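The next block holds one structure in the form of structure tokens; read it before the comments.
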Amino acid sequence: MSDTSLSVAQDSPSPESPTGATIELENLTKRYPGSPQPSVDCVNMEIRAGETVIFVGPSGCGKSTTLKMINRLIEPTGGRIRINGEDVTDMDPVRLRRQIGYAIQSSGLFPHMTVAQNIAQVPKMLGWQKARIKDRVEEMLDLVGLDPGEFHGRYPRQLSGGQQQRVGVARALAADPPVLLMDEPFGAVDPITRDHLQDELIRLQRELHKTIVFVTHDFDEAIKLGDRIAVLRERSHIAQFDTPEAILTNPADDFVSGFVGAGAALKRLNLTRVGEVEITDYPTVTVDDPLQDIFNALRGSGYNEILLLDKRGRPYKWLRRGDLMRARGSLARAGTLVVDTVTRDATLHDALEAVLTDATGRVAVTGRRGEYTGVVDMETLMNSVHELLEADRLDALEHQHDLEEARAHQTHEEQEGTAGGSGGSGEARA
Amino acid sequence: MSTPKSRDIARERSEEPGDEDAAALDAEKVPAGPPRTRPPRVSWQQLTVLPALLVILLLLTWLWFQQAHLDDISRNALSGGKVAKALVQHIELTLISTVFVLIIAIPLGVLLTRPAFRRATPVAMAFANMGQAAPAIGLLSLLVIWLGTGRLAALIGIIAYAVLPVLSNTIAGLKANDPTLLEAARGIGMSPFGVLTRVELPLAVPLILAGVRTALVLNVGTATLATFGGGGGLGVLITTGITNQRMPVLVLGSILTVALALLVDWLAALAEVLLRPRGLEVGP
Ligand SMILES: Nc1ncnc2c1ncn2[C@@H]1O[C@H](COP(=O)(O)OP(=O)(O)OP(=O)(O)O)[C@@H](O)[C@H]1O
Ligand SMILES: [Mg+2]
């Protein structure tokens with residue numbers, strides 16, 4: 001196994017500058033033997049390089065089947081698959097899969113291999129040098145936020161569900177594939193861990209720019225992660241394939257709006273990240289500062305409270321004027337603990353939640369290691385949301401206009417008897 | 001049919017959910033910490049109890065022989081290294097037959113779990129069942145009629161008798177593997193051969209070893225019948241003891257067989273613990 005790179009990977013010139021590949025599905029069909037109807041019926045879709053596309057739809061609609069046809073774990077019974085323009089429908093599936101990352105629910109880690117061995121699998125199959133594999137394993141563990149020294153030699157059963165899932169993602173990414181397929185990867189973990197993993201994936205994707213196809217039946221997850229969302233109905237027919245904003249503000253039909261569910265305006269908050277709104281500076285002091293300095297800082301700040309940081313620069317307590325009066329030389333008991341912070345990758349929804357629960361009406365924003373970087377307050381949030389909704393309204397109007405034009409065009413074609421494919425495929429290219 | 005192998009399967013199966021629970025608990029309890037030294041896999045009690053018992057058994061036998069009155073016939077049957085020869089022959093018969101059982105049963109089990117041959121599984125299992133259901137002595141007689149007396153007939157008889165537990169445990173072990181895990185293995189680009197050797201077989205090792213252990217013990221037992229086909233072994237002592245009505249000879253043959261069976265079972269148990277893939281262990 002020495003010459004293993006195929007043109008799918010050759011387009012990414014070096015491991016340091018990985019970019020995704022395009023994926024085109026053309027009339028992709030799967031009919032399982034013995035069932036009268038195809039389970040996936042004539043799917044047409046173009047996925048751009050570096051884009052995250054989410055398949056979302058009710059159980060049994062064919063999401064997994066469609067996904068697994070991309071790496072040919074399931075052989076299509078009709079249609080073509082092209083990756084970076086190359087037709088992979090007939091190439092050796094084993095070679096194809098080594099170029100495509102694959103992560104599934106409950107991680108699919110091999111229980112008899114250590115974390116390092118699990119991650120090393122694909123590089124090993126590709127014939128990498130030992131030293132390079134070793135470095136890569138450390139790098140991947142670091143990338144998914146696990147301490148290499150600590151987790152390297154553990155077995156999967158010695159990890160929590162969330163940690164297993166991280167290792168699963170690390171394994172999928174180890175050989176630096178341009179394409180990453182994920183089938184409900186976060187389906188089996190608790191909501192809080194899922195939230196963290198989603199944030200991590202967003203961060204990863206910002207660094208790596210893979211083409212990710214991600215299956216879920218959780219629409220909120222789809223909104224959070226997707227550049228575009230394909231809402232699928234039975235037999236994998238595409239009900240709508242568009243940006244999350246467009247689907248939220250302008251669902252194509254009743255099926256889609258049913259799937260979007262109630263509270264579209266609130267869900268809109270999931271689409272914008274804290275990093276995209278104005279993060280303001282706020283006066284801070286640290287636990288090491290002398291009490292008198294803290295006192296002066298608070299008095300000079302013009303605010304009612306000041307943010308106290310711990311030794312590592314992480315938000316620790318809100319100190320009010322009264323707290324300081326009563327502190328009597330020690331900060332140990334003064335002030336209220338900071339209960340909730342958000343990162344720049346958190347959604348406005350999370351930030352709003354935090355602001356509403358925090359007594360001060362603002363929330364501290366932290367960096368990767370939990371260090372303070374700024375605050376977001378209620379006013380900022382309100383302004384941002386108003387701007388967003390206004391922008392959406394304009395987009396929707398424009399979109400409606402486009403759609404009407406497209407419909408007119410289609411009816412025109414139908415009248416001439418040349419319209420081919422289903423309505424779904426028409427919208428897929430929208 | 002409730003042979004040891006079906007019990008073993010049941011035991012292994014019933015352990016699984018427990019393992020997962022333990023793993024889930026572990027996962028919560030496993031915090032950051034310095035790498036711990038791994039506890040030894042086998043405790044010293046496990047290692048010593050049975051050998052100690054065996055030593056006592058053999059010692060008692062030896063003491064008994066010291067005071068027993070042996071006439072010429074007995075003396076003749078036991079003298080001139082005849083006991084050692086029978087013992088060595090017996091061990092050889094057991095080992096050779098077990099090796100062949102593994103060579104036949106494991107690849108066959110692998111083959112029968114591949115999609116292309118899955119249909120043949122019932123037929124093959126029926127044959128294996130026949131091998132075991134047929135009375136060993138009858139099978140041996142048939143083989144002797146066909147092949148003449150000698151070691152070969154004896155070996156074939158023993159092998160036919162022991163294929164079933166290893167075969168059925170291999171099949172059960174391979175079938176017990178989580179299909180989504182195997183799909184994940186294919187999904188990351190393992191070839192079918194890679195999936196088999198790197199995932200399926202290692203995960204099936206505990207069950208396969210349980211089958212091998214059963215087969216080994218069976219083989220020690222059936223090898224006593226080799227004497228009827230002229231294959232030698234400890235059966236020689238037993239039959240001599242019976243036909244000449246000499247208790248000491250009979251007792252010695254029986255005790256050595258029992259001791260050998262226990263020892264082999266102990267060694268196999270040790271192997272089971274030592275060869276079980278690390279990540280599958282219970283406990284920390
Ligand atoms: N091996 C198979 N043989 C026959 N039919 C199958 C097979 N696998 C899946 N199907 C059928 O194909 C359809 C789509 O299945 P698929 O697993 O793709 O659904 P899904 O959208 O991933 O659902 P879920 O959200 O529950 O995972 C289902 O109706 C299912 O019954
Ligand atoms: Mg599915």
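Labeling convention for the structure tokens: chains A, B, ... as they appear, residues from 1 per chain, ligands from 1 in order of appearance.
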Practice task
Based on DSSP run over this structure's backbone, return all residues of range 78-235 of chain A in helix (DSSP H, G or I), as a ChimeraX atom specification.
Solution key: /A:93-97,115-125,130-143,148-151,156-158,161-173,191-208,219-225,234-235
Exercise for the section: Name all residues at most 12 Å from Phe255 in chain A (count only C-alpha atoms; drop same-chain ones fewer than 6 positions away) and give them as number ranges by chain. Expected result: A: 57-58, 231-234, 237-240, 247, 261
Practice task
Would you mind listing the residues within 7 Å of ligand 1, counting only C-alpha atoms and all ligand atoms, as a list of chain:residue names?
Solution key: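 Selection of residues at most 7 Å from ligand 1: A:Tyr32, A:Pro33, A:Ser35, A:Ser39, A:Gly57, A:Pro58, A:Ser59, A:Gly60, A:Cys61, A:Gly62, A:Lys63, A:Ser64, A:Thr65, A:Thr66, A:His217, A:Arg235.
Straight-line separation from CA of Leu216 in chain B to CA of Thr98 in chain B: 6.3 Å.
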Practice task
List every residue of range 103-234 of chain A that DSSP, applied to the backbone of this structure, places in strand (DSSP E), and write the result as a PyMOL selection string.
Solution key: chain A and resi 103-104+179-183+211-216+228-233
Could you turn the residues from that selection into a file that holds all heavy atoms, as a short mmCIF file (atom, residue, chain, number, x, y, z; two decimals), in the first residue's frame?
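Ended up saving to out.cif:
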data_model
loop_
_atom_site.label_atom_id
_atom_site.label_comp_id
_atom_site.auth_asym_id
_atom_site.auth_seq_id
_atom_site.Cartn_x
_atom_site.Cartn_y
_atom_site.Cartn_z
N ALA A 103 -17.74 9.12 10.32
CA ALA A 103 -17.98 9.08 11.76
C ALA A 103 -19.46 8.78 11.99
O ALA A 103 -20.31 9.30 11.28
CB ALA A 103 -17.61 10.41 12.41
N ILE A 104 -19.73 7.91 12.97
CA ILE A 104 -21.12 7.50 13.17
C ILE A 104 -21.54 7.68 14.63
O ILE A 104 -20.71 7.97 15.49
CB ILE A 104 -21.32 6.02 12.79
CG1 ILE A 104 -20.38 5.13 13.60
CG2 ILE A 104 -21.12 5.83 11.32
CD1 ILE A 104 -20.71 3.67 13.47
N VAL A 179 -13.31 15.01 2.33
CA VAL A 179 -14.75 14.88 2.59
C VAL A 179 -14.95 14.14 3.91
O VAL A 179 -14.24 13.19 4.22
CB VAL A 179 -15.44 14.09 1.45
CG1 VAL A 179 -16.90 13.84 1.78
CG2 VAL A 179 -15.30 14.84 0.14
N LEU A 180 -15.93 14.59 4.66
CA LEU A 180 -16.24 13.96 5.94
C LEU A 180 -17.73 13.64 5.97
O LEU A 180 -18.56 14.52 5.78
CB LEU A 180 -15.87 14.94 7.06
CG LEU A 180 -15.98 14.48 8.49
CD1 LEU A 180 -15.14 13.24 8.72
CD2 LEU A 180 -15.53 15.58 9.43
N LEU A 181 -18.05 12.36 6.17
CA LEU A 181 -19.45 11.95 6.27
C LEU A 181 -19.76 11.63 7.72
O LEU A 181 -19.03 10.89 8.37
CB LEU A 181 -19.72 10.70 5.42
CG LEU A 181 -19.32 10.77 3.95
CD1 LEU A 181 -19.68 9.46 3.25
CD2 LEU A 181 -19.99 11.95 3.26
N MET A 182 -20.84 12.19 8.23
CA MET A 182 -21.16 11.97 9.64
C MET A 182 -22.64 11.59 9.77
O MET A 182 -23.52 12.32 9.35
CB MET A 182 -20.88 13.23 10.46
CG MET A 182 -19.48 13.77 10.23
SD MET A 182 -19.15 15.27 11.16
CE MET A 182 -18.49 14.60 12.66
N ASP A 183 -22.90 10.41 10.34
CA ASP A 183 -24.27 9.92 10.46
C ASP A 183 -24.71 10.02 11.93
O ASP A 183 -24.31 9.20 12.74
CB ASP A 183 -24.35 8.48 9.98
CG ASP A 183 -25.78 8.03 9.77
OD1 ASP A 183 -26.70 8.76 10.21
OD2 ASP A 183 -25.99 6.97 9.15
N THR A 211 -15.39 19.33 3.22
CA THR A 211 -16.77 19.20 2.79
C THR A 211 -17.41 18.20 3.74
O THR A 211 -16.97 17.06 3.83
CB THR A 211 -16.85 18.66 1.36
OG1 THR A 211 -16.10 19.52 0.52
CG2 THR A 211 -18.29 18.60 0.89
N ILE A 212 -18.40 18.66 4.49
CA ILE A 212 -19.02 17.78 5.48
C ILE A 212 -20.46 17.50 5.09
O ILE A 212 -21.21 18.42 4.77
CB ILE A 212 -18.99 18.42 6.88
CG1 ILE A 212 -17.54 18.69 7.33
CG2 ILE A 212 -19.69 17.53 7.90
CD1 ILE A 212 -17.42 19.32 8.70
N VAL A 213 -20.80 16.23 5.05
CA VAL A 213 -22.21 15.86 4.91
C VAL A 213 -22.61 15.22 6.23
O VAL A 213 -21.98 14.26 6.68
CB VAL A 213 -22.44 14.89 3.74
CG1 VAL A 213 -23.93 14.66 3.55
CG2 VAL A 213 -21.82 15.43 2.47
N PHE A 214 -23.64 15.76 6.83
CA PHE A 214 -23.96 15.45 8.22
C PHE A 214 -25.43 15.08 8.30
O PHE A 214 -26.28 15.83 7.84
CB PHE A 214 -23.65 16.71 9.04
CG PHE A 214 -23.76 16.57 10.53
CD1 PHE A 214 -22.62 16.58 11.32
CD2 PHE A 214 -25.00 16.47 11.15
CE1 PHE A 214 -22.72 16.49 12.70
CE2 PHE A 214 -25.10 16.37 12.52
CZ PHE A 214 -23.95 16.38 13.30
N VAL A 215 -25.73 13.92 8.85
CA VAL A 215 -27.11 13.48 8.97
C VAL A 215 -27.60 13.69 10.39
O VAL A 215 -26.89 13.40 11.34
CB VAL A 215 -27.23 11.99 8.60
CG1 VAL A 215 -28.57 11.42 9.04
CG2 VAL A 215 -27.04 11.78 7.12
N THR A 216 -28.80 14.22 10.51
CA THR A 216 -29.39 14.35 11.84
C THR A 216 -30.90 14.35 11.68
O THR A 216 -31.42 14.54 10.59
CB THR A 216 -28.94 15.65 12.54
OG1 THR A 216 -29.56 15.73 13.82
CG2 THR A 216 -29.31 16.87 11.73
N ARG A 228 -25.75 24.75 4.49
CA ARG A 228 -27.04 24.53 3.84
C ARG A 228 -27.68 23.28 4.42
O ARG A 228 -26.99 22.36 4.86
CB ARG A 228 -26.85 24.38 2.32
CG ARG A 228 -26.58 25.73 1.66
CD ARG A 228 -26.74 25.64 0.17
NE ARG A 228 -25.75 24.77 -0.44
CZ ARG A 228 -25.86 24.31 -1.69
NH1 ARG A 228 -26.93 24.62 -2.42
NH2 ARG A 228 -24.92 23.54 -2.20
N ILE A 229 -28.99 23.27 4.39
CA ILE A 229 -29.73 22.14 4.94
C ILE A 229 -30.58 21.54 3.83
O ILE A 229 -31.25 22.27 3.10
CB ILE A 229 -30.67 22.61 6.08
CG1 ILE A 229 -29.84 23.22 7.21
CG2 ILE A 229 -31.50 21.45 6.60
CD1 ILE A 229 -30.69 23.80 8.32
N ALA A 230 -30.53 20.21 3.71
CA ALA A 230 -31.44 19.53 2.81
C ALA A 230 -32.52 18.88 3.67
O ALA A 230 -32.23 17.96 4.42
CB ALA A 230 -30.70 18.48 1.99
N VAL A 231 -33.73 19.40 3.56
CA VAL A 231 -34.84 18.77 4.27
C VAL A 231 -35.38 17.67 3.37
O VAL A 231 -35.79 17.93 2.24
CB VAL A 231 -35.96 19.78 4.60
CG1 VAL A 231 -37.05 19.12 5.41
CG2 VAL A 231 -35.39 20.97 5.34
N LEU A 232 -35.30 16.43 3.86
CA LEU A 232 -35.70 15.30 3.03
C LEU A 232 -37.05 14.77 3.49
O LEU A 232 -37.34 14.74 4.68
CB LEU A 232 -34.67 14.18 3.12
CG LEU A 232 -33.22 14.56 2.79
CD1 LEU A 232 -32.31 13.35 2.92
CD2 LEU A 232 -33.14 15.13 1.39
N ARG A 233 -37.85 14.36 2.53
CA ARG A 233 -39.07 13.65 2.89
C ARG A 233 -38.92 12.20 2.44
O ARG A 233 -37.84 11.79 2.05
CB ARG A 233 -40.29 14.33 2.30
CG ARG A 233 -40.29 14.43 0.80
CD ARG A 233 -41.66 14.88 0.33
NE ARG A 233 -41.65 16.25 -0.13
CZ ARG A 233 -42.60 17.13 0.17
NH1 ARG A 233 -43.60 16.79 0.94
NH2 ARG A 233 -42.54 18.34 -0.33
#
